[in-house]
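Trainee: Take a look at final01.csv, CSV, C-alpha atoms:
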```
chain,number,residue,atom,x,y,z
A,1,MET,CA,30.3,-20.9,-44.9
A,2,VAL,CA,32.2,-21.4,-48.2
A,3,LYS,CA,33.7,-18.1,-49.3
A,4,TYR,CA,36.1,-19.1,-52.1
A,5,SER,CA,35.6,-22.2,-54.2
A,6,LEU,CA,38.0,-23.5,-56.8
A,7,VAL,CA,36.7,-25.2,-59.9
A,8,GLY,CA,38.9,-27.1,-62.4
A,9,TYR,CA,37.4,-26.2,-65.7
A,10,ASP,CA,38.2,-27.8,-69.1
A,11,GLY,CA,34.9,-27.1,-71.0
A,12,SER,CA,33.7,-30.7,-70.6
A,13,ALA,CA,30.2,-31.5,-69.4
A,14,ALA,CA,31.6,-32.7,-66.1
A,15,SER,CA,33.4,-29.4,-65.5
A,16,ARG,CA,30.3,-27.4,-66.5
A,17,ARG,CA,28.3,-29.3,-63.9
A,18,ALA,CA,31.0,-28.5,-61.3
A,19,LEU,CA,30.9,-24.9,-62.3
A,20,ASP,CA,27.1,-24.7,-62.0
A,21,PHE,CA,27.4,-26.2,-58.5
A,22,ALA,CA,30.1,-23.7,-57.4
A,23,VAL,CA,28.1,-20.8,-58.8
A,24,GLU,CA,25.0,-21.9,-56.9
A,25,LEU,CA,27.0,-22.2,-53.8
A,26,ALA,CA,28.6,-18.8,-54.3
A,27,HIS,CA,25.2,-17.1,-54.9
A,28,ALA,CA,23.8,-18.7,-51.8
A,29,GLY,CA,26.6,-17.7,-49.5
A,30,GLY,CA,28.0,-14.5,-51.0
A,31,GLY,CA,31.2,-16.2,-52.1
A,32,ARG,CA,33.4,-16.2,-55.1
A,33,VAL,CA,34.6,-18.8,-57.5
A,34,ARG,CA,38.2,-19.3,-58.8
A,35,VAL,CA,38.1,-21.0,-62.2
A,36,VAL,CA,41.3,-22.6,-63.2
A,37,SER,CA,41.9,-24.3,-66.6
A,38,VAL,CA,45.0,-26.4,-66.8
A,39,LEU,CA,46.9,-26.9,-70.0
A,40,GLN,CA,48.9,-30.2,-69.7
A,41,VAL,CA,51.9,-30.5,-71.9
A,42,SER,CA,52.9,-34.1,-72.3
A,43,GLU,CA,54.9,-34.4,-75.5
A,44,GLY,CA,57.4,-32.3,-77.5
A,45,GLY,CA,60.6,-30.6,-76.7
A,46,VAL,CA,61.0,-27.5,-74.5
A,47,ASP,CA,61.1,-25.1,-77.5
A,48,ALA,CA,57.9,-26.6,-79.0
A,49,CYS,CA,56.1,-26.4,-75.7
A,50,THR,CA,57.1,-22.8,-75.0
A,51,LEU,CA,55.9,-21.7,-78.5
A,52,MET,CA,52.6,-23.6,-78.0
A,53,MET,CA,52.0,-22.2,-74.5
A,54,ALA,CA,52.7,-18.6,-75.6
A,55,ASP,CA,50.4,-18.9,-78.7
A,56,SER,CA,47.5,-20.8,-77.1
A,57,GLY,CA,47.6,-19.3,-73.6
A,58,THR,CA,46.5,-15.7,-74.5
A,59,ARG,CA,43.8,-17.0,-76.9
A,60,ARG,CA,42.6,-19.6,-74.4
A,61,VAL,CA,42.2,-17.1,-71.6
A,62,GLN,CA,40.0,-14.9,-73.7
A,63,GLU,CA,38.0,-17.9,-74.9
A,64,LEU,CA,37.6,-19.0,-71.3
A,65,HIS,CA,36.4,-15.5,-70.2
A,66,ASP,CA,33.9,-15.4,-73.1
A,67,GLU,CA,32.6,-18.9,-72.4
A,68,LEU,CA,32.1,-18.2,-68.7
A,69,ALA,CA,30.3,-14.9,-69.5
A,70,SER,CA,27.9,-16.8,-71.8
A,71,LEU,CA,27.2,-19.4,-69.1
A,72,VAL,CA,26.9,-17.1,-66.1
A,73,PRO,CA,25.5,-13.6,-66.4
A,74,ASP,CA,27.4,-12.1,-63.4
A,75,ALA,CA,30.7,-13.9,-64.4
A,76,ALA,CA,32.8,-10.7,-64.3
A,77,THR,CA,31.9,-10.1,-60.6
A,78,LEU,CA,31.8,-13.7,-59.5
A,79,PHE,CA,34.8,-15.3,-61.1
A,80,ASP,CA,38.6,-15.1,-60.9
A,81,VAL,CA,39.9,-16.9,-64.0
A,82,GLU,CA,43.4,-18.3,-64.6
A,83,LEU,CA,45.0,-20.6,-67.2
A,84,ILE,CA,47.9,-22.6,-65.8
A,85,HIS,CA,50.3,-25.0,-67.4
A,86,GLY,CA,51.1,-28.2,-65.5
A,87,SER,CA,49.6,-31.4,-64.1
A,88,PRO,CA,45.9,-30.8,-63.3
A,89,GLY,CA,45.9,-32.4,-59.8
A,90,ASP,CA,49.1,-30.6,-58.7
A,91,VAL,CA,47.9,-27.3,-60.1
A,92,LEU,CA,44.5,-27.4,-58.4
A,93,LEU,CA,46.1,-28.4,-55.1
A,94,GLY,CA,48.6,-25.7,-55.3
A,95,GLN,CA,45.8,-23.1,-55.5
A,96,ILE,CA,44.6,-23.9,-52.0
A,97,ASP,CA,47.3,-22.1,-50.0
A,98,GLN,CA,48.3,-19.7,-52.8
A,99,HIS,CA,44.8,-18.1,-53.0
A,100,GLY,CA,43.1,-19.0,-49.8
A,101,ILE,CA,40.7,-21.6,-51.3
A,102,ASP,CA,38.4,-23.1,-48.7
A,103,HIS,CA,36.5,-25.5,-51.0
A,104,ILE,CA,37.2,-27.4,-54.2
A,105,VAL,CA,34.5,-28.4,-56.7
A,106,ILE,CA,35.5,-30.8,-59.4
A,107,GLY,CA,33.7,-32.7,-62.1
A,108,HIS,CA,33.8,-36.5,-62.4
A,109,THR,CA,34.2,-38.1,-65.7
A,110,GLU,CA,33.4,-41.8,-65.8
A,111,ARG,CA,36.3,-43.8,-67.3
A,112,GLY,CA,36.9,-47.5,-67.5
A,113,ALA,CA,39.3,-49.2,-65.1
A,114,LEU,CA,42.1,-49.3,-67.8
A,115,ALA,CA,41.9,-45.6,-68.5
A,116,ARG,CA,42.0,-44.8,-64.7
A,117,TRP,CA,45.0,-47.0,-64.3
A,118,LEU,CA,46.9,-45.5,-67.3
A,119,MET,CA,46.0,-41.9,-66.8
A,120,GLY,CA,44.9,-41.6,-63.2
A,121,SER,CA,41.9,-39.7,-62.0
A,122,VAL,CA,42.2,-35.9,-61.3
A,123,SER,CA,39.2,-36.0,-59.0
A,124,GLY,CA,40.6,-39.0,-57.1
A,125,ASN,CA,44.0,-37.4,-56.8
A,126,VAL,CA,42.6,-34.1,-55.5
A,127,LEU,CA,40.2,-35.9,-53.1
A,128,ALA,CA,43.0,-37.9,-51.7
A,129,ARG,CA,45.5,-35.0,-51.2
A,130,ALA,CA,43.4,-31.9,-50.4
A,131,HIS,CA,43.2,-30.4,-46.9
A,132,VAL,CA,40.0,-28.5,-47.6
A,133,PRO,CA,36.6,-30.0,-48.4
A,134,VAL,CA,36.1,-31.4,-51.9
A,135,THR,CA,32.9,-31.8,-53.7
A,136,ILE,CA,32.9,-34.2,-56.7
A,137,VAL,CA,30.0,-33.5,-59.0
A,138,ARG,CA,28.7,-36.3,-61.2
```
Give the structure from this file in structure tokens form.
Mentor:
Amino acid sequence: MVKYSLVGYDGSAASRRALDFAVELAHAGGGRVRVVSVLQVSEGGVDACTLMMADSGTRRVQELHDELASLVPDAATLFDVELIHGSPGDVLLGQIDQHGIDHIVIGHTERGALARWLMGSVSGNVLARAHVPVTIVR
């Protein structure tokens, strides 16, 4: 039975579907859900990135808590929430051993072949590298 699911959450429709699936799974089996939102910094110098992270990080964590509470009535008792800076696939995979994750739920966003080639696919990356079961929700 799944006891601790991880959901990569960015507020998109795909991540909301993944969150809904993880919540249903947690309710059915008495588990918990770790919700991780990843801020990916791709441009700018170190000083600019540091200022941006400090400013947006605290605000984004509160917004994330508020958003989850509006979506799921028992969010406070069901979720662990964290905002992490980095590459989404690497961050999600790093959570497995660090927090004892036994299942990953991730949303799938349909992109064209060119976009997948240029940017990669977080769900594909996680699926290929995870050593725990992964559910990709469409």
Trainee: Could you state the separation of atom CA of Asp97 of chain A and atom CA of Pro133 of chain A in Å, given to one decimal place?
Mentor: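 These atoms are spaced 13.4 Å apart.
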Trainee: Quick one: pull the distance between atom CA of Pro88 of chain A and atom CA of Val38 of chain A, Å, one decimal.
Mentor: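 Computed distance, atom CA of Pro88 of chain A to atom CA of Val38 of chain A, equals 5.7 Å.
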Trainee: From the options A:Glu82, A:Gly11, A:Thr109, A:Val122, which residue's atoms come nearest to Gln95 of chain A, counting all atoms listed in the file?
Mentor: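 Closest residue, counting all atoms listed in the file: A:Glu82.
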Trainee: For Tyr9 of chain A, list every protein, DNA or RNA residue within 7 Å, evaluated using all atoms listed in the file, and leave out those in the same chain fewer than 3 positions away; present the list as a PyMOL selection string.
Mentor: chain A and resi 15+35-37
Trainee: Just C-alpha atoms for this one: save the residues we selected as a compact mmCIF listing (two decimals), in the frame of the given file.
Mentor:
```
# COMPACT_ATOMS: atom_id res chain seq x y z
CA SER A 15 33.40 -29.40 -65.50
CA VAL A 35 38.10 -21.00 -62.20
CA VAL A 36 41.30 -22.60 -63.20
CA SER A 37 41.90 -24.30 -66.60
```
Trainee: Quick one: distance from atom CA of Gly107 of chain A to atom CA of Ala22 of chain A in Å, one decimal?
Mentor: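 One can read the atom CA of Gly107 of chain A to atom CA of Ala22 of chain A distance as 10.8 Å.
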Trainee: Considering all atoms listed in the file, return as a list in words whatever protein or nucleic-acid residues lie within 12 Å of Ala13 of chain A, sequence-local ones (same chain, fewer than 6 positions apart) excluded.
Mentor: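 The residues satisfying every condition are Leu19, Asp20, Ile106, Gly107, His108, Thr109, Glu110, Val137 and Arg138 of chain A.
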Trainee: Out of A:Gln40, A:Thr77, A:Thr58, A:Thr135, which residue has the shortest atom-to-atom distance to Gly89 of chain A when counting all atoms listed in the file?
Mentor: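 Ranking A:Gln40, A:Thr77, A:Thr58, A:Thr135 by distance to Gly89 of chain A, first place goes to A:Gln40.
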Trainee: Which residues come within 8 Å of Arg34 of chain A, counting all atoms listed in the file, excluding same-chain residues fewer than 6 positions away, as a PyMOL selection string?
Mentor: chain A and resi 4-7+79-82
Trainee: Let me make sure I understand: among A:His99, A:Gly57, A:Val23, A:Gly86, which one has the smallest atom-to-atom distance to Asp74 of chain A if we use all atoms listed in the file?
Mentor: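 Looking only at the distances to Asp74 of chain A, the closest residue turns out to be A:Val23.
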Trainee: Can you work out which one of A:Ala75, A:Val91, A:Val61, A:Leu68 has the shortest atom-to-atom distance to His27 of chain A, counting all atoms listed in the file?
Mentor: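 Between A:Ala75, A:Val91, A:Val61, A:Leu68, the residue approaching His27 of chain A most closely is A:Ala75.
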Trainee: Ranking A:Val72, A:Val126, A:Ile101, A:Leu39 by minimum distance to His85 of chain A and counting all atoms listed in the file, which one comes first?
Mentor: A:Leu39
Trainee: I'd like to know which of A:Glu67, A:His103, A:Ile96, A:Ala76 is closest to Met1 of chain A, using all atoms listed in the file.
Mentor: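 Of all the options, A:His103 lies closest to Met1 of chain A.
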